[in-house]
>>> print(open('entry.cif').read())   # mmCIF, C-alpha atoms and all ligand atoms
data_work
loop_
_atom_site.label_atom_id
_atom_site.label_comp_id
_atom_site.auth_asym_id
_atom_site.auth_seq_id
_atom_site.Cartn_x
_atom_site.Cartn_y
_atom_site.Cartn_z
CA MET A 1 41.06 10.25 21.46
CA SER A 2 42.19 7.98 24.22
CA LYS A 3 45.84 7.02 24.59
CA LEU A 4 44.73 3.40 24.61
CA THR A 5 43.82 3.41 20.95
CA GLN A 6 45.81 4.43 17.93
CA GLU A 7 43.51 6.40 15.71
CA VAL A 8 44.78 7.13 12.25
CA SER A 9 43.31 10.18 10.64
CA ALA A 10 42.66 10.50 6.95
CA THR A 11 44.66 13.67 6.51
CA GLU A 12 46.87 14.60 3.59
CA LYS A 13 49.89 14.07 5.78
CA LYS A 14 49.33 10.31 5.80
CA TYR A 15 49.57 10.25 2.05
CA SER A 16 52.85 12.09 1.88
CA ILE A 17 56.22 10.33 1.77
CA PRO A 18 57.22 8.97 5.19
CA GLU A 19 60.27 10.72 6.62
CA LYS A 20 62.23 7.49 7.01
CA LEU A 21 61.94 6.72 3.30
CA LYS A 22 63.41 10.03 2.16
CA SER A 23 67.07 9.00 2.22
CA TYR A 24 66.27 6.24 -0.32
CA ILE A 25 64.82 8.63 -2.86
CA ASN A 26 66.39 10.48 -5.79
CA LYS A 27 64.85 12.15 -8.81
CA GLU A 28 64.32 8.84 -10.62
CA THR A 29 62.54 7.16 -7.70
CA LEU A 30 58.88 6.19 -7.83
CA VAL A 31 57.07 6.14 -4.50
CA VAL A 32 53.82 4.22 -4.18
CA ARG A 33 51.54 3.89 -1.18
CA SER A 34 49.17 0.94 -0.83
CA PRO A 35 46.84 0.35 2.14
CA GLY A 36 45.90 -2.60 4.33
CA ARG A 37 42.27 -3.71 4.56
CA ILE A 38 39.43 -4.70 6.81
CA ASN A 39 36.53 -6.90 5.79
CA LEU A 40 33.11 -6.23 7.29
CA ILE A 41 31.59 -9.57 6.37
CA GLY A 42 32.07 -12.35 3.80
CA GLU A 43 34.98 -14.44 5.05
CA HIS A 44 36.55 -17.32 3.10
CA THR A 45 34.06 -16.61 0.35
CA ASP A 46 36.43 -15.00 -2.18
CA TYR A 47 38.03 -18.23 -3.41
CA ASN A 48 34.56 -19.80 -3.53
CA GLU A 49 33.32 -17.20 -6.02
CA GLY A 50 31.10 -15.55 -3.41
CA PHE A 51 30.94 -11.92 -2.27
CA VAL A 52 33.11 -9.93 0.13
CA LEU A 53 32.69 -6.52 1.75
CA PRO A 54 36.17 -5.11 2.39
CA ALA A 55 37.52 -1.58 2.67
CA ALA A 56 41.00 -0.10 2.54
CA ILE A 57 42.24 1.34 5.83
CA ASP A 58 44.38 4.29 6.65
CA LYS A 59 47.42 2.18 7.40
CA ALA A 60 49.68 1.39 4.49
CA ALA A 61 52.90 0.13 2.95
CA TRP A 62 55.15 2.48 0.97
CA VAL A 63 57.61 1.29 -1.64
CA ALA A 64 60.30 3.52 -3.18
CA ILE A 65 61.69 1.99 -6.38
CA THR A 66 64.76 3.41 -8.11
CA PRO A 67 65.78 1.93 -11.49
CA ARG A 68 69.36 0.67 -11.92
CA LYS A 69 71.48 0.19 -15.05
CA ASP A 70 72.62 -3.38 -14.13
CA ASN A 71 70.51 -6.42 -13.27
CA ILE A 72 70.94 -6.25 -9.50
CA ILE A 73 67.89 -6.03 -7.27
CA HIS A 74 68.79 -4.46 -3.94
CA LEU A 75 66.03 -4.36 -1.34
CA PHE A 76 65.88 -2.54 2.00
CA SER A 77 63.38 -3.06 4.77
CA VAL A 78 63.57 0.28 6.51
CA ASP A 79 61.53 -0.95 9.49
CA LEU A 80 63.57 -4.12 10.09
CA GLY A 81 66.92 -2.58 9.19
CA GLU A 82 67.57 -5.49 6.81
CA GLU A 83 68.84 -5.68 3.24
CA TYR A 84 68.54 -8.37 0.59
CA GLU A 85 70.27 -8.58 -2.77
CA THR A 86 69.72 -10.75 -5.82
CA THR A 87 69.57 -10.33 -9.60
CA THR A 88 66.71 -10.28 -12.07
CA SER A 89 67.73 -13.74 -13.26
CA ALA A 90 67.83 -15.30 -9.78
CA LEU A 91 64.32 -14.90 -8.43
CA ILE A 92 64.02 -17.81 -6.02
CA PRO A 93 61.39 -17.92 -3.24
CA SER A 94 62.82 -18.17 0.28
CA LEU A 95 59.91 -20.45 1.28
CA LYS A 96 59.71 -18.66 4.64
CA HIS A 97 57.37 -15.77 3.80
CA ALA A 98 60.21 -13.27 4.08
CA TRP A 99 59.46 -9.58 3.47
CA TYR A 100 61.47 -9.57 0.23
CA ASP A 101 59.44 -12.48 -1.24
CA TYR A 102 56.48 -10.12 -1.71
CA ILE A 103 58.60 -7.74 -3.78
CA LEU A 104 60.41 -10.43 -5.74
CA GLY A 105 57.20 -12.42 -6.32
CA VAL A 106 55.62 -9.47 -8.11
CA THR A 107 58.82 -8.84 -10.08
CA ASP A 108 58.78 -12.49 -11.10
CA GLN A 109 55.16 -12.19 -12.29
CA PHE A 110 56.02 -9.16 -14.41
CA LYS A 111 58.79 -11.20 -16.02
CA LYS A 112 56.42 -14.12 -16.59
CA THR A 113 53.88 -11.75 -18.15
CA GLY A 114 56.56 -10.89 -20.72
CA PHE A 115 58.05 -7.61 -19.45
CA THR A 116 61.80 -7.06 -19.44
CA ILE A 117 62.96 -5.74 -16.09
CA ASN A 118 66.35 -4.23 -15.29
CA GLY A 119 67.71 -4.18 -11.79
CA PHE A 120 66.34 -1.76 -9.21
CA ASP A 121 66.72 -0.63 -5.63
CA ALA A 122 63.58 -0.78 -3.51
CA ALA A 123 63.03 0.53 0.00
CA LEU A 124 60.00 -0.60 1.96
CA THR A 125 58.28 0.74 5.03
CA ALA A 126 54.80 0.11 6.46
CA ASP A 127 52.64 1.13 9.39
CA ILE A 128 50.28 -1.82 8.95
CA PRO A 129 50.82 -4.12 11.93
CA ILE A 130 52.47 -7.29 10.59
CA GLY A 131 50.63 -10.57 11.20
CA ALA A 132 47.50 -8.78 12.41
CA GLY A 133 45.40 -10.00 9.50
CA LEU A 134 45.24 -6.54 7.91
CA SER A 135 46.92 -7.73 4.71
CA SER A 136 50.28 -6.06 4.90
CA SER A 137 51.55 -8.57 2.33
CA ALA A 138 48.85 -7.67 -0.22
CA ALA A 139 49.63 -3.99 0.38
CA ILE A 140 53.32 -4.53 -0.43
CA GLU A 141 52.49 -6.60 -3.50
CA CYS A 142 50.04 -3.99 -4.83
CA ALA A 143 52.52 -1.17 -4.18
CA VAL A 144 55.25 -3.01 -6.10
CA ALA A 145 52.90 -3.92 -8.97
CA PHE A 146 51.79 -0.30 -9.24
CA ALA A 147 55.38 1.00 -9.15
CA LEU A 148 56.64 -1.47 -11.76
CA ASN A 149 53.66 -0.67 -13.98
CA GLU A 150 54.56 3.03 -13.83
CA TRP A 151 58.29 2.50 -14.29
CA LEU A 152 57.93 0.10 -17.24
CA GLN A 153 54.98 2.06 -18.64
CA ALA A 154 53.35 -1.34 -18.88
CA GLY A 155 49.84 0.04 -19.26
CA LEU A 156 48.24 -2.54 -16.98
CA THR A 157 44.79 -1.86 -15.57
CA LYS A 158 44.22 -1.89 -11.81
CA LEU A 159 42.51 -5.26 -12.13
CA GLU A 160 45.46 -6.71 -14.05
CA MET A 161 47.80 -5.48 -11.32
CA VAL A 162 45.55 -7.04 -8.67
CA LYS A 163 45.75 -10.37 -10.49
CA ILE A 164 49.54 -10.15 -10.74
CA ALA A 165 49.77 -9.41 -7.01
CA GLN A 166 47.50 -12.36 -6.20
CA LYS A 167 49.52 -14.69 -8.44
CA ALA A 168 52.73 -13.56 -6.73
CA GLU A 169 51.22 -14.58 -3.39
CA ASN A 170 49.91 -17.89 -4.80
CA GLU A 171 52.98 -18.94 -6.74
CA TYR A 172 55.96 -17.26 -5.09
CA VAL A 173 54.91 -16.97 -1.45
CA GLY A 174 52.85 -20.17 -1.59
CA LEU A 175 49.57 -19.04 -0.01
CA GLN A 176 46.58 -19.99 -2.15
CA CYS A 177 44.74 -16.80 -1.16
CA GLY A 178 41.75 -15.36 -2.99
CA ILE A 179 41.52 -11.95 -4.59
CA MET A 180 39.95 -9.92 -1.77
CA ASP A 181 43.03 -8.45 -0.08
CA MET A 182 44.69 -7.19 -3.23
CA PHE A 183 41.42 -5.93 -4.65
CA ALA A 184 40.63 -3.95 -1.51
CA SER A 185 44.12 -2.47 -1.34
CA MET A 186 44.16 -1.40 -4.99
CA PHE A 187 40.53 -0.26 -5.32
CA GLY A 188 39.93 1.19 -1.84
CA LYS A 189 37.94 4.42 -1.63
CA GLN A 190 37.78 6.78 1.31
CA ASN A 191 34.73 6.20 3.55
CA HIS A 192 33.38 3.44 1.30
CA VAL A 193 33.24 -0.34 1.46
CA ILE A 194 33.55 -2.39 -1.70
CA LYS A 195 30.92 -4.98 -2.45
CA LEU A 196 32.85 -7.32 -4.68
CA ASP A 197 31.43 -10.25 -6.59
CA CYS A 198 34.43 -12.56 -6.67
CA ARG A 199 33.01 -14.50 -9.59
CA SER A 200 32.37 -11.71 -12.11
CA LEU A 201 34.73 -9.25 -10.38
CA GLU A 202 32.01 -6.62 -10.67
CA TYR A 203 32.02 -4.27 -7.72
CA GLN A 204 30.12 -1.39 -6.17
CA TYR A 205 31.27 1.20 -3.67
CA GLU A 206 28.84 1.59 -0.77
CA PRO A 207 29.17 4.57 1.57
CA LEU A 208 29.89 3.37 5.09
CA ASN A 209 27.54 5.19 7.44
CA LEU A 210 27.90 3.63 10.82
CA ASP A 211 25.74 6.14 12.62
CA GLY A 212 27.31 6.46 16.03
CA TYR A 213 29.50 3.36 15.78
CA LYS A 214 33.22 2.97 15.18
CA VAL A 215 35.04 0.04 13.60
CA ILE A 216 37.42 -1.17 16.29
CA LEU A 217 40.05 -3.83 15.71
CA PHE A 218 41.24 -5.85 18.68
CA ASP A 219 44.55 -7.46 17.79
CA THR A 220 45.23 -10.77 19.53
CA ASN A 221 48.93 -10.25 18.95
CA VAL A 222 49.25 -13.87 17.86
CA LYS A 223 49.72 -15.55 14.52
CA HIS A 224 49.59 -19.30 14.93
CA THR A 225 51.80 -21.32 12.61
CA LEU A 226 48.74 -23.18 11.32
CA ALA A 227 47.58 -20.10 9.46
CA SER A 228 48.96 -20.70 5.98
CA SER A 229 48.93 -24.51 5.89
CA GLN A 230 45.35 -24.71 7.17
CA TYR A 231 44.27 -21.97 4.77
CA ASN A 232 45.36 -24.13 1.86
CA VAL A 233 43.66 -27.18 3.42
CA ARG A 234 40.34 -25.27 3.71
CA ARG A 235 40.56 -24.30 0.08
CA GLN A 236 41.09 -27.91 -0.86
CA GLN A 237 38.14 -29.04 1.28
CA CYS A 238 35.85 -26.58 -0.48
CA GLU A 239 36.97 -27.99 -3.82
CA THR A 240 36.27 -31.52 -2.59
CA GLY A 241 32.75 -30.44 -1.61
CA VAL A 242 32.17 -28.94 -5.05
CA SER A 243 33.34 -32.10 -6.80
CA LEU A 244 30.99 -34.25 -4.67
CA VAL A 245 28.03 -32.12 -5.78
CA GLN A 246 29.26 -32.03 -9.39
CA GLN A 247 28.95 -35.82 -9.56
CA HIS A 248 25.16 -35.39 -9.30
CA ILE A 249 24.28 -31.97 -10.67
CA SER A 250 25.47 -30.25 -13.81
CA GLY A 251 26.41 -26.59 -14.05
CA ILE A 252 28.14 -26.43 -10.66
CA ASN A 253 31.43 -24.51 -10.77
CA SER A 254 31.97 -23.44 -7.19
CA LEU A 255 30.24 -23.23 -3.81
CA ARG A 256 28.50 -20.12 -5.16
CA ASP A 257 26.30 -22.52 -7.16
CA VAL A 258 25.60 -24.84 -4.25
CA ASP A 259 22.79 -24.67 -1.68
CA ILE A 260 22.32 -26.34 1.69
CA SER A 261 19.98 -29.04 0.37
CA MET A 262 22.64 -30.14 -2.14
CA LEU A 263 25.19 -30.31 0.67
CA ASN A 264 22.80 -32.32 2.86
CA LYS A 265 22.18 -34.79 0.08
CA TYR A 266 25.57 -35.23 -1.56
CA VAL A 267 28.27 -34.11 0.83
CA GLN A 268 27.08 -34.84 4.38
CA PRO A 269 26.84 -38.63 3.90
CA GLN A 270 30.33 -38.74 2.32
CA ASN A 271 32.46 -36.51 4.49
CA LYS A 272 31.31 -34.72 7.66
CA GLU A 273 34.27 -32.36 7.86
CA VAL A 274 34.01 -31.27 4.24
CA TYR A 275 30.27 -30.80 4.81
CA GLN A 276 30.87 -28.43 7.73
CA ARG A 277 33.38 -26.38 5.78
CA CYS A 278 31.06 -26.07 2.80
CA ARG A 279 28.04 -25.31 4.94
CA PHE A 280 29.78 -22.35 6.48
CA VAL A 281 30.72 -20.95 3.06
CA VAL A 282 27.25 -21.42 1.55
CA GLU A 283 25.66 -19.75 4.60
CA GLU A 284 28.21 -16.94 4.58
CA ILE A 285 27.57 -16.09 0.92
CA GLU A 286 23.86 -15.80 1.70
CA ARG A 287 24.49 -13.91 4.95
CA LEU A 288 26.48 -11.24 3.16
CA GLN A 289 23.60 -10.51 0.80
CA GLU A 290 21.25 -10.00 3.74
CA ALA A 291 23.86 -7.98 5.63
CA CYS A 292 24.14 -5.58 2.68
CA ILE A 293 20.40 -4.95 2.94
CA ASP A 294 20.85 -4.19 6.65
CA LEU A 295 23.52 -1.64 5.79
CA GLU A 296 21.31 -0.01 3.17
CA LYS A 297 18.58 0.31 5.80
CA ASN A 298 21.14 1.63 8.27
CA ASP A 299 20.22 -1.21 10.61
CA ILE A 300 23.58 -1.58 12.34
CA GLU A 301 22.17 -3.86 15.04
CA ALA A 302 20.91 -6.40 12.48
CA PHE A 303 24.21 -6.18 10.62
CA GLY A 304 26.12 -6.73 13.85
CA LEU A 305 24.14 -9.87 14.69
CA LYS A 306 25.24 -11.33 11.37
CA MET A 307 28.86 -10.64 12.32
CA TYR A 308 28.37 -12.77 15.43
CA GLU A 309 26.83 -15.51 13.29
CA THR A 310 29.84 -15.36 10.98
CA HIS A 311 32.14 -15.77 13.95
CA MET A 312 30.21 -18.82 15.19
CA GLY A 313 30.49 -20.38 11.75
CA LEU A 314 34.19 -19.62 11.41
CA SER A 315 34.84 -21.01 14.86
CA ASN A 316 32.60 -24.11 14.89
CA LEU A 317 32.15 -25.13 11.26
CA TYR A 318 35.14 -23.74 9.39
CA GLU A 319 37.40 -24.12 12.45
CA VAL A 320 39.81 -21.30 11.68
CA SER A 321 39.46 -19.42 14.97
CA CYS A 322 41.65 -19.83 18.06
CA SER A 323 41.21 -19.36 21.81
CA GLU A 324 42.43 -15.74 21.71
CA LEU A 325 39.94 -14.72 19.00
CA ASP A 326 37.08 -16.59 20.69
CA PHE A 327 37.89 -14.92 23.99
CA LEU A 328 37.68 -11.45 22.44
CA VAL A 329 34.35 -12.13 20.73
CA ASP A 330 32.85 -13.81 23.83
CA TYR A 331 33.87 -10.88 25.98
CA VAL A 332 31.94 -8.28 23.98
CA LYS A 333 28.99 -10.47 22.98
CA ASN A 334 26.60 -9.33 25.67
CA ASN A 335 27.75 -5.73 25.79
CA PRO A 336 24.87 -3.54 24.50
CA ALA A 337 27.39 -1.01 23.18
CA VAL A 338 28.82 -3.57 20.75
CA ALA A 339 26.57 -4.23 17.76
CA GLY A 340 28.70 -7.05 16.38
CA ALA A 341 32.09 -8.71 16.49
CA ARG A 342 33.90 -11.52 14.74
CA MET A 343 37.32 -12.75 13.79
CA MET A 344 38.53 -11.25 10.54
CA GLY A 345 40.63 -12.60 7.68
CA GLY A 346 42.20 -16.02 7.25
CA GLY A 347 42.14 -16.92 10.97
CA PHE A 348 44.38 -18.57 13.59
CA GLY A 349 45.24 -15.15 15.00
CA GLY A 350 45.11 -11.56 13.86
CA CYS A 351 42.26 -9.24 14.78
CA THR A 352 38.62 -9.24 15.65
CA ILE A 353 36.51 -6.55 13.98
CA ASN A 354 33.94 -4.89 16.25
CA LEU A 355 31.23 -2.28 15.79
CA VAL A 356 31.31 -0.27 19.00
CA LYS A 357 29.25 2.79 19.99
CA ASN A 358 31.47 5.88 19.90
CA GLU A 359 31.02 6.74 23.54
CA ALA A 360 31.80 3.20 24.74
CA VAL A 361 35.13 2.71 22.95
CA ASP A 362 37.43 3.97 25.70
CA GLU A 363 35.80 2.08 28.55
CA LEU A 364 35.57 -1.17 26.59
CA THR A 365 39.17 -0.90 25.47
CA TYR A 366 40.31 -0.33 29.02
CA GLN A 367 38.42 -3.31 30.38
CA LEU A 368 39.25 -5.67 27.56
CA LYS A 369 42.97 -4.94 27.69
CA ALA A 370 43.02 -5.93 31.34
CA ALA A 371 40.83 -9.00 30.83
CA TYR A 372 42.90 -10.20 27.85
CA ALA A 373 46.18 -9.76 29.68
CA LYS A 374 44.80 -11.74 32.62
CA ALA A 375 43.28 -14.57 30.59
CA MET A 376 45.77 -14.90 27.74
CA ARG A 377 48.93 -13.40 29.25
CA LYS A 378 49.35 -11.27 26.17
CA GLU A 379 49.06 -7.62 25.31
CA LEU A 380 45.96 -6.59 23.39
CA LYS A 381 46.53 -3.99 20.72
CA VAL A 382 43.66 -1.78 19.61
CA TYR A 383 43.14 0.15 16.39
CA VAL A 384 40.33 2.42 15.28
CA ALA A 385 39.89 1.66 11.59
CA GLN A 386 39.49 4.67 9.33
CA ILE A 387 38.52 3.93 5.75
CA GLY A 388 41.11 5.31 3.36
CA SER A 389 41.80 5.22 -0.36
CA GLY A 390 43.56 2.64 -2.52
CA THR A 391 46.97 2.21 -4.13
CA ALA A 392 48.47 5.37 -5.60
CA ARG A 393 51.74 6.93 -6.62
CA ILE A 394 52.58 9.71 -4.19
CA ASN A 395 55.50 11.50 -5.82
C1 LIG B 401 42.98 -14.12 3.72
C2 LIG B 401 43.10 -14.30 2.21
C3 LIG B 401 41.85 -13.75 1.49
C4 LIG B 401 40.58 -14.33 2.10
C5 LIG B 401 40.60 -14.21 3.61
C6 LIG B 401 39.45 -14.94 4.25
O1 LIG B 401 42.98 -12.77 4.06
O2 LIG B 401 44.24 -13.63 1.73
O3 LIG B 401 41.93 -14.04 0.12
O4 LIG B 401 40.35 -15.63 1.68
O5 LIG B 401 41.80 -14.74 4.18
O6 LIG B 401 38.26 -14.32 3.90
#
>>> encode(input="entry.cif", output="structure tokens", more="lines below")
Ligand code: GLA
Amino acid sequence: MSKLTQEVSATEKKYSIPEKLKSYINKETLVVRSPGRINLIGEHTDYNEGFVLPAAIDKAAWVAITPRKDNIIHLFSVDLGEEYETTTSALIPSLKHAWYDYILGVTDQFKKTGFTINGFDAALTADIPIGAGLSSSAAIECAVAFALNEWLQAGLTKLEMVKIAQKAENEYVGLQCGIMDMFASMFGKQNHVIKLDCRSLEYQYEPLNLDGYKVILFDTNVKHTLASSQYNVRRQQCETGVSLVQQHISGINSLRDVDISMLNKYVQPQNKEVYQRCRFVVEEIERLQEACIDLEKNDIEAFGLKMYETHMGLSNLYEVSCSELDFLVDYVKNNPAVAGARMMGGGFGGCTINLVKNEAVDELTYQLKAAYAKAMRKELKVYVAQIGSGTARIN
């Protein structure tokens, strides 16, 4: 493997306790590992009751939780060298998306669900790049939910823990995210993608056979400040679109129930911007269904073309891309060794996801790093995504 890329292998070693966490562990400590995620296709569809196609990756967050006798919560970020202390009765969001909000938000949800929680020490470390759109926050939340569930013997199912993690993000952190990131982290399965119906929450694991291609993530190394505020605005615009259609047609609950002709008739004349947002989502829900058929047929080229279409929609209709992401997709678009590429996740920074022929990865990485540095004056980071398994206790 080239020195330019950081490949993470799916060996047992990755699932053992990281060395730097060991000094925070005693015989009462619970250690849980929870991975980040990629999403092959189906973007901004989760909160519109559509489908998504994510997978857990082999980069993760680890949380070591040690029960205390008092009501103090003492948190350590091993990677940042920071500490934070509060009590179980003073769970107050920082409102700045601080690392400890993800731990306290889940603790708060457990309390709200009716569980009594004593104080605890928690140490956190992660090798998921922060702000790269690989859902490090969902990974932390799922790890904490899983650890608290074990410690309190709460008997929650994986899905209940996913919902707690999502609520923590919605209510404590303040991002109105959908369910995809937490679901992928908790339910991930090695070498499989998850086809998740975000309405019924039914899901299937599909083996990911990419026949000569690798999943490469090009990380813009930027996270524009618009990311969370505009995410919430998009969600609102989708709801506005749904309510415009609801005024004319019964039985409409979400954009999942809406088709393009309804949008043309009831939304376009009222609000052009809302129309564009909704059109992207309605097309994306449909595109994912077709893309799944491509995967079944092992037609990677056809699948890849749909990734480019998704990017166009996210950039021009949904308007959640940015110059760095567009540059990376434009650069690879005409390269015959790249089947498809698009921005991934919420937008305004983070990574592009690319399907690149094995033998072309090194050369492309080399060229793109230089081109990105020249055009954007920033360093491009590159990851080879390996598909790993979901949240689990590892001690
Ligand atoms: C973020 C959110 C997800 C999803 C994606 C866009 O990652 O957390 O719920 O909406 O953006 O697909």
>>> residues_near_point(input="entry.cif", point="(63.6, 1.6, 3.6)", cutoff="9 Å", atoms="all atoms listed in the file", output="list of chain:residue names")
A:Lys20, A:Leu21, A:Lys22, A:Ser23, A:Tyr24, A:Trp62, A:Val63, A:Ala64, A:Leu75, A:Phe76, A:Ser77, A:Val78, A:Asp79, A:Leu80, A:Gly81, A:Glu82, A:Glu83, A:Ala122, A:Ala123, A:Leu124, A:Thr125
>>> residues_around(input="entry.cif", residues="Ala168 of chain A", least_positions_apart="2", cutoff="12 Å", atoms="only C-alpha atoms", output="PyMOL selection string")
chain A and resi 91+93+97+100-113+137-138+140-142+144-145+161-166+170-179+182
>>> atom_distance(input="entry.cif", atom1="atom CA of Ala126 of chain A", atom2="atom CA of Leu148 of chain A")
18.4 Å
>>> residues_around(input="entry.cif", residues="segment 272-279 of chain A", least_positions_apart="6", cutoff="7 Å", atoms="all atoms listed in the file", output="list in words")
Gln237, Cys238, Gly241, Ile260, Leu263, Leu317 and Tyr318 of chain A
>>> axis_aligned_box(input="entry.cif", around="segment 333-352 of chain A", padding_each_side="3 Å", output="JSON")
{"center_x": 35.1, "center_y": -9.8, "center_z": 16.5, "size_x": 26.4, "size_y": 23.6, "size_z": 24.5}
>>> closest_atom_pairs(input="entry.cif", of="chain A", to="ligand LIG 401 (chain B)", cutoff="8 Å", atoms="only C-alpha atoms and all ligand atoms", output="tab-separated table")
residue	atom	partner	partner_atom	distance
A:Asn39	CA	B:LIG401	O6	7.8
A:Gly42	CA	B:LIG401	O6	6.5
A:Glu43	CA	B:LIG401	O6	3.5
A:His44	CA	B:LIG401	O6	3.5
A:Thr45	CA	B:LIG401	O6	6.0
A:Asp46	CA	B:LIG401	O4	5.5
A:Tyr47	CA	B:LIG401	O4	6.2
A:Val52	CA	B:LIG401	O6	7.7
A:Gly133	CA	B:LIG401	O1	6.6
A:Leu134	CA	B:LIG401	O1	7.7
A:Ser135	CA	B:LIG401	O1	6.4
A:Ala138	CA	B:LIG401	O2	7.8
A:Leu175	CA	B:LIG401	O2	7.8
A:Gln176	CA	B:LIG401	O2	7.8
A:Cys177	CA	B:LIG401	O3	4.1
A:Gly178	CA	B:LIG401	O3	3.4
A:Ile179	CA	B:LIG401	O3	5.2
A:Met180	CA	B:LIG401	O3	4.9
A:Asp181	CA	B:LIG401	O2	5.6
A:Tyr231	CA	B:LIG401	O5	7.7
A:Met344	CA	B:LIG401	O6	7.3
A:Gly345	CA	B:LIG401	O5	4.3
A:Gly346	CA	B:LIG401	O5	3.4
A:Gly347	CA	B:LIG401	O5	7.1
>>> atom_distance(input="entry.cif", atom1="atom CA of Gly349 of chain A", atom2="atom CA of Ser321 of chain A")
7.2 Å
>>> residues_around(input="entry.cif", residues="Lys27 of chain A", least_positions_apart="3", cutoff="10 Å", atoms="only C-alpha atoms", output="PDB file with C-alpha atoms, in the coordinates of the input")
ATOM      1  CA  LEU A  30      58.880   6.190  -7.830  1.00  0.00           C
ATOM      2  CA  THR A  66      64.760   3.410  -8.110  1.00  0.00           C
ATOM      3  CA  ASN A 395      55.500  11.500  -5.820  1.00  0.00           C
TER       4      ASN A 395
END
>>> residues_around(input="entry.cif", residues="Leu328 of chain A", least_positions_apart="2", cutoff="8 Å", atoms="only C-alpha atoms", output="JSON, numbers by chain")
{"A": [218, 324, 325, 326, 330, 331, 332, 352, 368, 372]}
>>> atom_distance(input="entry.cif", atom1="atom CA of Tyr205 of chain A", atom2="atom CA of Asn191 of chain A")
9.4 Å
>>> residues_around(input="entry.cif", residues="Ala337 of chain A", least_positions_apart="4", cutoff="7 Å", atoms="all atoms listed in the file", output="compact mmCIF listing (two decimals) with C-alpha atoms, in the frame of the given file")
# COMPACT_ATOMS: atom_id res chain seq x y z
CA VAL A 356 31.31 -0.27 19.00
CA LYS A 357 29.25 2.79 19.99
CA ALA A 360 31.80 3.20 24.74
>>> residues_near_point(input="entry.cif", point="(28.6, -17.7, -3.4)", cutoff="12 Å", atoms="only C-alpha atoms", output="ChimeraX atom specification")
/A:42-52,196-200,238,242,252-260,278-289
>>> closest_residue(input="entry.cif", among="A:Glu169, A:Ala61, A:Ala341, A:Gly251", to="Leu95 of chain A", atoms="all atoms listed in the file")
A:Glu169
>>> closest_residue(input="entry.cif", among="A:Val245, A:Ala147, A:Ile117, A:Met307", to="Lys69 of chain A", atoms="only C-alpha atoms")
A:Ile117
>>> closest_residue(input="entry.cif", among="A:Ile394, A:Val338, A:Ala98, A:Val233", to="Asn358 of chain A", atoms="all atoms listed in the file")
A:Val338
>>> closest_atom_pairs(input="entry.cif", of="segment 50-109 of chain A", to="segment 206-209 of chain A", cutoff="12 Å", atoms="all atoms listed in the file", output="JSON lines")
{"residue": "A:Leu53", "atom": "CA", "partner": "A:Glu206", "partner_atom": "CA", "distance": 9.3}
{"residue": "A:Pro54", "atom": "CA", "partner": "A:Glu206", "partner_atom": "CA", "distance": 10.4}
{"residue": "A:Ala55", "atom": "CA", "partner": "A:Leu208", "partner_atom": "CA", "distance": 9.4}
{"residue": "A:Ala56", "atom": "CA", "partner": "A:Leu208", "partner_atom": "CA", "distance": 11.9}
>>> closest_residue(input="entry.cif", among="A:Cys351, A:Leu201, A:Ile293, A:Val320", to="Gln230 of chain A", atoms="all atoms listed in the file")
A:Val320
>>> closest_residue(input="entry.cif", among="A:Gln247, A:Ser261, A:Thr220, A:Thr157", to="Pro129 of chain A", atoms="all atoms listed in the file")
A:Thr220
